[in-house]
Each structure stands twice: as C-alpha cells, then as structure tokens.
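Worksheet: the structure to be examined is printed underneath.
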Amino acid sequence: MNDQPDTAVVEMLVELACRAPSVHNSQPWRWIYSEHVLDLYTDSSRVLGAIDPTERQMVMSCGAALDHLQKAAAANRWTAEIDLLPTPGAPDHLARVRFVHDAHPRSHEFDLLTAINRRYSDRRAFGPVPSNRDLTRYLGQEHYGTEMTVLSAESKETLAKASTLSASVRKYDATYQAEIRWWAGHAFRSGGIPPEALTNRADASRVQVGRVFPEPHRVAATVTHEPVEDESTVVLLETSSDEHLDWLQSGRAMSAFLLAATADGLATCPLTHMTEQSGSRRLVESLAARTGVAQVLIRVGKPMIGSPPPRTPRHAVASVLSAPARATNRRRS
C-alpha cells in the first residue's frame, strides 16, 4: 500500500479544497507539493485591497480551503497532519500538511465529501431552519478556537442596522465601488462572482442582512414558491483576538459549519461585510454573550424550491498547485 499520496491524489485533494468559499470568489491560495509535503500560501495577487485591506478575509478564505482539504483527505483514507504558520516571519505561509494513510472514514465523512461539491453561497431568501436541526452540533469538536453563537430572531434588527451602516460607509468610496464591480457580476472566467450567482434588486431586498452588490445584467431565473421574506437564522463566529492565526482558524471553523449544514440539507451564505468596518463590527459583537472579535456571520435556513444557481468557476488545479510530474509511487513489498 502506498504510504504517501502520489501527485494525482494530491491534485484531486487540492481540487476539492479549492471548492471552498473565498471572499468574492477571489480564490487567493497557492499550493506547493514537494517531497511528500503540501504547503499552503496566500496569493497576494488576489488580494482585494479596498474590500480587505488587512488581508483578513484572504487568510480566512485559505483557512476554509484547508478545512476542505482535511475533510476530502479523510474521506479518501488519508489523515492530514497540519502545522499552522510553520515559517516564522512569513505570514503568507499558512500551513504545512503531511499525509498519513491511516484514516477510517465513516458515513459522515462521505457525506461531507459530497457536501464539498454541493455547497454554494446562496444569496436568496431562506425558509426557517427546521425545528429538528441543531445548529450547535455542526462544528462538533472542530471549533478551531472560535466561539459560535446562534443569534436570536430579534437580533436581525441589529444586524440589519450593521449591514446598512457598512453599506453607507462604503457608498461613496470610489475605490471600493470599483473593486466590488470588478469582482461581482462580471463575465470573465478569472474568478469573481458570476452574474448568475447574484440576485436582482427585488430579491436582494428580502435579505436585509446581505451585502449590497451591483445589480447584474444577467441573473438566475425567478423561482416560484419562494418565501416572502428571509426567515434564515444567523450564526456568529468570534475569536479571542484578531491575529493571523485567528483569521486562519475562523476560516476553518466556517468551512466546518458550512459543510455540516449542507450535508444536513440546509442552504448557507457567509457574510463578512458587517465585520469589515469598525462601527458595524461593534454592533455585531454586541449580540454575543461573550466578549470576542467578530470574524464572520453565516446565514442558514431551508433552501428555496427550485434549481440553485450554477456553480461558480474555479481556477484549474494546475494554476494554483505546483507539484512534480505525475508518477505512481512504488509499492513496498
């Protein structure tokens, strides 16, 4: 039995990892596989300077990809042993991964593997979370140093204020507006959110806590029997501080929640715009029972009836992964 994955296996795992959500589908990651070690780096060429000037969301996006990788590996019988921030003084080097062929996946691991391919950010209104779903169990033991709060329905009013405040601060920021128009709703295949993944203004107005995007020229077809208003639940992930490690870990926790919710038949949409500005971030933090730093909110609920938007494009694995030429490992006798 091979005791290390060959290049073809690593390519498959990285391709699944890159299905992770990233800020405006920027896909800001680089992977290098050499001598049986897989390294994860941020890709500074994909940073959104106005939207994410501290690179917090870029690191969170990479954290989500790292969790996707770990779950994809487990379903394929590999344990991913992860060393976070392995190079002092090199904040772009986020993780070093070694694989051990000793995992024994159960049905839940295969459910999560399926969820990697099914999950998408749904910006439409949701129905309520069914009463038999327990959102608090979606992170399981994988809190990754974060604190999760399931916010009450009454908190939606405060969240709507935070969302409005965030939008008003950015309304006359020409650099931000130009950047979001580039990344949201264009027709290029270099990343970004395609028009079909956005909603028209009428549908977007039903989700009062959503980010305000430029209205695309093309949108997904209208779905019948949709809820009149958004009845989703919002989950908040916080950390004790606001450093690189916190960002990376909150991205991993976000991924764990998203995949578990998807496997349980729920629709999800991460929300980061309310944590980009200090004023709106403080409003969000006031809703949590504990004192912490708000990193990301996740809207979750019953999905709409009808077809989901098409999958957002991803870069070819060859453009984000540097690896030796494919060759099967020799089997040990």
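By order in the structure tokens, chains are A, B, ...; within a chain, residues start at 1; ligands start at 1, following the order shown.
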
inquiry  = Give me, as a list in words, all polymer residues having an atom no more than 8 Å from Pro86 (chain A), counting only C-alpha atoms and skipping those fewer than 5 positions away in the same chain.
reply    = His93, Leu94, Ala95 and Arg96 of chain A

Pick out the residues sitting within 12 Å of Asp39 (chain A), and hand them over as an mmCIF file with N, CA, C and O atoms, in the first residue's frame; count only C-alpha atoms, and ignore anything fewer than 4 positions along from it in its own chain.
data_model
loop_
_atom_site.group_PDB
_atom_site.id
_atom_site.type_symbol
_atom_site.label_atom_id
_atom_site.label_comp_id
_atom_site.auth_asym_id
_atom_site.auth_seq_id
_atom_site.Cartn_x
_atom_site.Cartn_y
_atom_site.Cartn_z
ATOM 1 N N VAL A 10 -2.916 14.088 -4.782
ATOM 2 C CA VAL A 10 -2.801 15.448 -4.250
ATOM 3 C C VAL A 10 -3.562 16.434 -5.129
ATOM 4 O O VAL A 10 -4.247 17.339 -4.630
ATOM 5 N N VAL A 14 -6.492 18.815 -3.712
ATOM 6 C CA VAL A 14 -6.416 20.273 -3.846
ATOM 7 C C VAL A 14 -7.602 20.793 -4.654
ATOM 8 O O VAL A 14 -8.167 21.851 -4.332
ATOM 9 N N TRP A 29 -5.282 31.476 -3.006
ATOM 10 C CA TRP A 29 -4.407 30.467 -2.425
ATOM 11 C C TRP A 29 -3.396 29.933 -3.436
ATOM 12 O O TRP A 29 -3.631 29.921 -4.634
ATOM 13 N N ARG A 30 -2.265 29.493 -2.909
ATOM 14 C CA ARG A 30 -1.241 28.803 -3.695
ATOM 15 C C ARG A 30 -0.833 27.549 -2.927
ATOM 16 O O ARG A 30 -0.683 27.586 -1.706
ATOM 17 N N TRP A 31 -0.643 26.458 -3.641
ATOM 18 C CA TRP A 31 -0.255 25.200 -3.025
ATOM 19 C C TRP A 31 1.041 24.705 -3.678
ATOM 20 O O TRP A 31 1.201 24.816 -4.893
ATOM 21 N N ILE A 32 1.940 24.182 -2.878
ATOM 22 C CA ILE A 32 3.187 23.597 -3.390
ATOM 23 C C ILE A 32 3.346 22.207 -2.768
ATOM 24 O O ILE A 32 3.333 22.069 -1.531
ATOM 25 N N TYR A 33 3.485 21.192 -3.617
ATOM 26 C CA TYR A 33 3.676 19.824 -3.135
ATOM 27 C C TYR A 33 5.081 19.380 -3.516
ATOM 28 O O TYR A 33 5.448 19.350 -4.684
ATOM 29 N N SER A 34 5.859 19.048 -2.505
ATOM 30 C CA SER A 34 7.240 18.648 -2.739
ATOM 31 C C SER A 34 7.693 17.729 -1.615
ATOM 32 O O SER A 34 7.451 18.025 -0.434
ATOM 33 N N GLU A 35 8.325 16.627 -1.990
ATOM 34 C CA GLU A 35 8.870 15.672 -1.022
ATOM 35 C C GLU A 35 7.814 15.269 0.010
ATOM 36 O O GLU A 35 8.061 15.252 1.222
ATOM 37 N N CYS A 62 -8.402 31.046 2.852
ATOM 38 C CA CYS A 62 -7.430 29.951 2.807
ATOM 39 C C CYS A 62 -7.678 28.953 3.936
ATOM 40 O O CYS A 62 -7.477 27.746 3.765
ATOM 41 N N LEU A 66 -8.288 24.968 3.633
ATOM 42 C CA LEU A 66 -7.532 23.996 4.422
ATOM 43 C C LEU A 66 -8.465 22.982 5.078
ATOM 44 O O LEU A 66 -8.179 21.776 5.104
ATOM 45 N N LEU A 69 -9.709 20.632 2.469
ATOM 46 C CA LEU A 69 -8.666 19.655 2.161
ATOM 47 C C LEU A 69 -8.643 18.529 3.198
ATOM 48 O O LEU A 69 -8.571 17.342 2.854
ATOM 49 N N ALA A 80 -4.739 14.168 7.394
ATOM 50 C CA ALA A 80 -3.925 15.349 7.103
ATOM 51 C C ALA A 80 -3.391 15.908 8.417
ATOM 52 O O ALA A 80 -4.153 16.420 9.240
ATOM 53 N N GLU A 81 -2.097 15.790 8.609
ATOM 54 C CA GLU A 81 -1.454 16.349 9.799
ATOM 55 C C GLU A 81 -0.992 17.762 9.457
ATOM 56 O O GLU A 81 -0.154 17.952 8.560
ATOM 57 N N ILE A 82 -1.546 18.746 10.146
ATOM 58 C CA ILE A 82 -1.411 20.143 9.740
ATOM 59 C C ILE A 82 -0.599 20.926 10.754
ATOM 60 O O ILE A 82 -0.882 20.916 11.953
ATOM 61 N N ASP A 83 0.406 21.628 10.255
ATOM 62 C CA ASP A 83 1.228 22.541 11.054
ATOM 63 C C ASP A 83 0.888 23.956 10.589
ATOM 64 O O ASP A 83 1.141 24.312 9.425
ATOM 65 N N LEU A 84 0.287 24.751 11.473
ATOM 66 C CA LEU A 84 -0.150 26.096 11.109
ATOM 67 C C LEU A 84 0.968 27.114 11.253
ATOM 68 O O LEU A 84 1.778 27.038 12.184
ATOM 69 N N LEU A 85 1.010 28.069 10.324
ATOM 70 C CA LEU A 85 2.005 29.152 10.321
ATOM 71 C C LEU A 85 3.397 28.607 10.615
ATOM 72 O O LEU A 85 4.052 28.993 11.594
ATOM 73 N N PRO A 86 3.876 27.697 9.772
ATOM 74 C CA PRO A 86 5.108 26.963 10.084
ATOM 75 C C PRO A 86 6.396 27.760 9.932
ATOM 76 O O PRO A 86 7.443 27.325 10.432
ATOM 77 N N THR A 87 6.360 28.902 9.247
ATOM 78 C CA THR A 87 7.587 29.658 8.996
ATOM 79 C C THR A 87 7.526 31.008 9.688
ATOM 80 O O THR A 87 6.818 31.909 9.222
ATOM 81 N N ASP A 92 2.633 34.729 4.849
ATOM 82 C CA ASP A 92 1.945 34.164 3.686
ATOM 83 C C ASP A 92 1.980 32.632 3.691
ATOM 84 O O ASP A 92 1.206 31.995 2.983
ATOM 85 N N HIS A 93 2.876 32.039 4.482
ATOM 86 C CA HIS A 93 2.977 30.576 4.571
ATOM 87 C C HIS A 93 2.028 30.125 5.681
ATOM 88 O O HIS A 93 2.377 30.128 6.852
ATOM 89 N N LEU A 94 0.833 29.708 5.303
ATOM 90 C CA LEU A 94 -0.223 29.463 6.278
ATOM 91 C C LEU A 94 -0.183 28.074 6.890
ATOM 92 O O LEU A 94 -0.568 27.898 8.050
ATOM 93 N N ALA A 95 0.213 27.075 6.126
ATOM 94 C CA ALA A 95 0.143 25.712 6.660
ATOM 95 C C ALA A 95 1.075 24.778 5.913
ATOM 96 O O ALA A 95 1.375 24.982 4.735
ATOM 97 N N ARG A 96 1.511 23.757 6.631
ATOM 98 C CA ARG A 96 2.269 22.654 6.043
ATOM 99 C C ARG A 96 1.511 21.373 6.382
ATOM 100 O O ARG A 96 1.178 21.129 7.539
ATOM 101 N N VAL A 97 1.249 20.568 5.364
ATOM 102 C CA VAL A 97 0.406 19.383 5.527
ATOM 103 C C VAL A 97 1.197 18.136 5.154
ATOM 104 O O VAL A 97 1.829 18.075 4.095
ATOM 105 N N ARG A 98 1.142 17.166 6.044
ATOM 106 C CA ARG A 98 1.688 15.832 5.756
ATOM 107 C C ARG A 98 0.547 14.831 5.829
ATOM 108 O O ARG A 98 -0.350 14.975 6.668
ATOM 109 N N PHE A 99 0.601 13.832 4.984
ATOM 110 C CA PHE A 99 -0.490 12.870 4.896
ATOM 111 C C PHE A 99 -0.049 11.510 5.454
ATOM 112 O O PHE A 99 1.066 11.046 5.188
ATOM 113 N N VAL A 320 -2.948 26.705 -9.589
ATOM 114 C CA VAL A 320 -2.806 27.026 -8.174
ATOM 115 C C VAL A 320 -1.918 26.033 -7.432
ATOM 116 O O VAL A 320 -1.542 26.274 -6.281
ATOM 117 N N LEU A 321 -1.561 24.925 -8.088
ATOM 118 C CA LEU A 321 -0.750 23.895 -7.450
ATOM 119 C C LEU A 321 0.532 23.660 -8.229
ATOM 120 O O LEU A 321 0.502 23.411 -9.432
ATOM 121 N N SER A 322 1.652 23.760 -7.516
ATOM 122 C CA SER A 322 2.943 23.378 -8.081
ATOM 123 C C SER A 322 3.293 22.011 -7.520
ATOM 124 O O SER A 322 3.375 21.830 -6.297
ATOM 125 N N ALA A 323 3.471 21.030 -8.405
ATOM 126 C CA ALA A 323 3.729 19.661 -7.966
ATOM 127 C C ALA A 323 4.590 18.966 -8.999
ATOM 128 O O ALA A 323 4.603 19.348 -10.181
#

Would you mind writing down, as a PDB file with N, CA, C and O atoms, in the first residue's frame, each residue of region 68-181 of chain A that DSSP on the backbone assigns to strand (DSSP E or B)?
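For reference, out-v2.pdb as written:
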ATOM      1  N   THR A  79      -5.139  10.841   6.611  1.00  0.00           N
ATOM      2  CA  THR A  79      -5.162  11.804   7.704  1.00  0.00           C
ATOM      3  C   THR A  79      -4.224  12.947   7.345  1.00  0.00           C
ATOM      4  O   THR A  79      -3.051  12.724   7.012  1.00  0.00           O
ATOM      5  N   ALA A  80      -4.739  14.168   7.394  1.00  0.00           N
ATOM      6  CA  ALA A  80      -3.925  15.349   7.103  1.00  0.00           C
ATOM      7  C   ALA A  80      -3.391  15.908   8.417  1.00  0.00           C
ATOM      8  O   ALA A  80      -4.153  16.420   9.240  1.00  0.00           O
ATOM      9  N   GLU A  81      -2.097  15.790   8.609  1.00  0.00           N
ATOM     10  CA  GLU A  81      -1.454  16.349   9.799  1.00  0.00           C
ATOM     11  C   GLU A  81      -0.992  17.762   9.457  1.00  0.00           C
ATOM     12  O   GLU A  81      -0.154  17.952   8.560  1.00  0.00           O
ATOM     13  N   ILE A  82      -1.546  18.746  10.146  1.00  0.00           N
ATOM     14  CA  ILE A  82      -1.411  20.143   9.740  1.00  0.00           C
ATOM     15  C   ILE A  82      -0.599  20.926  10.754  1.00  0.00           C
ATOM     16  O   ILE A  82      -0.882  20.916  11.953  1.00  0.00           O
ATOM     17  N   ASP A  83       0.406  21.628  10.255  1.00  0.00           N
ATOM     18  CA  ASP A  83       1.228  22.541  11.054  1.00  0.00           C
ATOM     19  C   ASP A  83       0.888  23.956  10.589  1.00  0.00           C
ATOM     20  O   ASP A  83       1.141  24.312   9.425  1.00  0.00           O
ATOM     21  N   LEU A  84       0.287  24.751  11.473  1.00  0.00           N
ATOM     22  CA  LEU A  84      -0.150  26.096  11.109  1.00  0.00           C
ATOM     23  C   LEU A  84       0.968  27.114  11.253  1.00  0.00           C
ATOM     24  O   LEU A  84       1.778  27.038  12.184  1.00  0.00           O
ATOM     25  N   HIS A  93       2.876  32.039   4.482  1.00  0.00           N
ATOM     26  CA  HIS A  93       2.977  30.576   4.571  1.00  0.00           C
ATOM     27  C   HIS A  93       2.028  30.125   5.681  1.00  0.00           C
ATOM     28  O   HIS A  93       2.377  30.128   6.852  1.00  0.00           O
ATOM     29  N   LEU A  94       0.833  29.708   5.303  1.00  0.00           N
ATOM     30  CA  LEU A  94      -0.223  29.463   6.278  1.00  0.00           C
ATOM     31  C   LEU A  94      -0.183  28.074   6.890  1.00  0.00           C
ATOM     32  O   LEU A  94      -0.568  27.898   8.050  1.00  0.00           O
ATOM     33  N   ALA A  95       0.213  27.075   6.126  1.00  0.00           N
ATOM     34  CA  ALA A  95       0.143  25.712   6.660  1.00  0.00           C
ATOM     35  C   ALA A  95       1.075  24.778   5.913  1.00  0.00           C
ATOM     36  O   ALA A  95       1.375  24.982   4.735  1.00  0.00           O
ATOM     37  N   ARG A  96       1.511  23.757   6.631  1.00  0.00           N
ATOM     38  CA  ARG A  96       2.269  22.654   6.043  1.00  0.00           C
ATOM     39  C   ARG A  96       1.511  21.373   6.382  1.00  0.00           C
ATOM     40  O   ARG A  96       1.178  21.129   7.539  1.00  0.00           O
ATOM     41  N   VAL A  97       1.249  20.568   5.364  1.00  0.00           N
ATOM     42  CA  VAL A  97       0.406  19.383   5.527  1.00  0.00           C
ATOM     43  C   VAL A  97       1.197  18.136   5.154  1.00  0.00           C
ATOM     44  O   VAL A  97       1.829  18.075   4.095  1.00  0.00           O
ATOM     45  N   ARG A  98       1.142  17.166   6.044  1.00  0.00           N
ATOM     46  CA  ARG A  98       1.688  15.832   5.756  1.00  0.00           C
ATOM     47  C   ARG A  98       0.547  14.831   5.829  1.00  0.00           C
ATOM     48  O   ARG A  98      -0.350  14.975   6.668  1.00  0.00           O
ATOM     49  N   PHE A  99       0.601  13.832   4.984  1.00  0.00           N
ATOM     50  CA  PHE A  99      -0.490  12.870   4.896  1.00  0.00           C
ATOM     51  C   PHE A  99      -0.049  11.510   5.454  1.00  0.00           C
ATOM     52  O   PHE A  99       1.066  11.046   5.188  1.00  0.00           O
ATOM     53  N   VAL A 100      -0.935  10.917   6.223  1.00  0.00           N
ATOM     54  CA  VAL A 100      -0.728   9.573   6.755  1.00  0.00           C
ATOM     55  C   VAL A 100      -1.906   8.713   6.304  1.00  0.00           C
ATOM     56  O   VAL A 100      -3.057   9.096   6.482  1.00  0.00           O
ATOM     57  N   SER A 121     -22.714  29.449  -2.044  1.00  0.00           N
ATOM     58  CA  SER A 121     -23.239  30.598  -1.302  1.00  0.00           C
ATOM     59  C   SER A 121     -24.544  31.032  -1.945  1.00  0.00           C
ATOM     60  O   SER A 121     -24.557  31.518  -3.074  1.00  0.00           O
ATOM     61  N   GLY A 127     -36.109  29.801   3.901  1.00  0.00           N
ATOM     62  CA  GLY A 127     -37.123  29.467   4.869  1.00  0.00           C
ATOM     63  C   GLY A 127     -36.469  29.220   6.223  1.00  0.00           C
ATOM     64  O   GLY A 127     -35.248  29.179   6.344  1.00  0.00           O
ATOM     65  N   GLU A 147     -15.577  30.833  18.967  1.00  0.00           N
ATOM     66  CA  GLU A 147     -16.818  30.729  19.729  1.00  0.00           C
ATOM     67  C   GLU A 147     -17.978  30.940  18.771  1.00  0.00           C
ATOM     68  O   GLU A 147     -17.992  31.906  18.009  1.00  0.00           O
ATOM     69  N   MET A 148     -18.944  30.027  18.805  1.00  0.00           N
ATOM     70  CA  MET A 148     -20.100  30.127  17.917  1.00  0.00           C
ATOM     71  C   MET A 148     -21.323  30.555  18.704  1.00  0.00           C
ATOM     72  O   MET A 148     -21.601  30.010  19.775  1.00  0.00           O
ATOM     73  N   THR A 149     -22.054  31.534  18.186  1.00  0.00           N
ATOM     74  CA  THR A 149     -23.306  31.978  18.785  1.00  0.00           C
ATOM     75  C   THR A 149     -24.406  31.890  17.743  1.00  0.00           C
ATOM     76  O   THR A 149     -24.261  32.436  16.639  1.00  0.00           O
ATOM     77  N   VAL A 150     -25.477  31.181  18.071  1.00  0.00           N
ATOM     78  CA  VAL A 150     -26.654  31.165  17.209  1.00  0.00           C
ATOM     79  C   VAL A 150     -27.507  32.360  17.621  1.00  0.00           C
ATOM     80  O   VAL A 150     -28.062  32.399  18.721  1.00  0.00           O
TER      81      VAL A 150
END

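Proximity ranking of A:Gln27, A:Gly192, A:Ala288, A:Asp102 relative to Pro5 (chain A) places A:Asp102 first, based on only C-alpha atoms.
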
key: Distance query region 299-313 of chain A at most 8 Å, only C-alpha atoms, self and fewer than 2 positions along chain excluded, as a ChimeraX atom specification   = /A:25,120,122,124-130,189,191,193-194,196-197,220,223-227,231-235,261,265-271,297,315

Ser155 (chain A) surroundings by only C-alpha atoms, 10 Å radius, close-in-sequence under 3 positions cut, as a CSV table (one decimal) with N, CA, C and O atoms, in the first residue's frame:
chain,number,residue,atom,x,y,z
A,151,LEU,N,-27.6,33.3,16.8
A,151,LEU,CA,-28.3,34.6,17.1
A,151,LEU,C,-29.8,34.4,17.1
A,151,LEU,O,-30.3,33.7,16.3
A,152,SER,N,-30.4,35.2,17.9
A,152,SER,CA,-31.9,35.1,18.0
A,152,SER,C,-32.5,35.8,16.8
A,152,SER,O,-31.9,36.6,16.1
A,158,THR,N,-30.8,44.4,14.7
A,158,THR,CA,-29.4,45.0,14.9
A,158,THR,C,-28.5,44.6,13.7
A,158,THR,O,-27.7,45.5,13.2
A,159,LEU,N,-28.6,43.4,13.2
A,159,LEU,CA,-27.8,43.0,12.0
A,159,LEU,C,-28.2,43.8,10.8
A,159,LEU,O,-27.3,44.2,10.0
A,160,ALA,N,-29.5,44.1,10.6
A,160,ALA,CA,-29.9,45.0,9.5
A,160,ALA,C,-29.3,46.4,9.6
A,160,ALA,O,-28.8,47.0,8.6
A,233,THR,N,-31.7,31.8,10.0
A,233,THR,CA,-31.0,32.0,11.2
A,233,THR,C,-29.6,32.5,10.9
A,233,THR,O,-29.0,32.1,9.9
A,234,VAL,N,-29.1,33.3,11.8
A,234,VAL,CA,-27.7,33.8,11.6
A,234,VAL,C,-26.8,33.3,12.7
A,234,VAL,O,-27.2,33.4,13.9
A,284,VAL,N,-22.3,44.0,15.7
A,284,VAL,CA,-22.4,42.6,15.6
A,284,VAL,C,-21.9,42.0,16.9
A,284,VAL,O,-22.5,41.1,17.5
A,286,SER,N,-22.0,43.2,19.8
A,286,SER,CA,-22.9,43.4,20.9
A,286,SER,C,-23.9,42.3,21.1
A,286,SER,O,-24.6,42.3,22.1
A,287,LEU,N,-24.1,41.5,20.1
A,287,LEU,CA,-25.1,40.5,20.1
A,287,LEU,C,-24.7,39.2,20.7
A,287,LEU,O,-25.5,38.3,21.0
A,288,ALA,N,-23.4,39.1,21.0
A,288,ALA,CA,-22.8,37.8,21.5
A,288,ALA,C,-22.8,37.9,23.0
A,288,ALA,O,-22.6,39.0,23.6

message = Taking the DSSP secondary structure from the backbone, can you list the residues of region 118-260 of chain A that are helix (DSSP H, G or I), as a PyMOL selection string?
response = chain A and resi 118+135-137+153-170+174-183+195-197+201-204+244-260

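Picture a line from CA of Gln277 (chain A) to CA of Gly63 (chain A); it runs 21.3 Å.
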
request  = Show which residues sit within 12 Å of Ser61 (chain A), as JSON, numbers by chain. Count only C-alpha atoms, and ignore same-chain residues fewer than 2 positions away.
outcome  = {"A": [17, 18, 19, 20, 21, 22, 23, 24, 25, 26, 27, 28, 29, 30, 40, 41, 42, 43, 46, 47, 52, 55, 56, 57, 58, 59, 63, 64, 65, 66, 67, 68, 94, 247, 248, 249, 250, 251, 252, 253, 254, 255, 270, 272, 295, 296]}
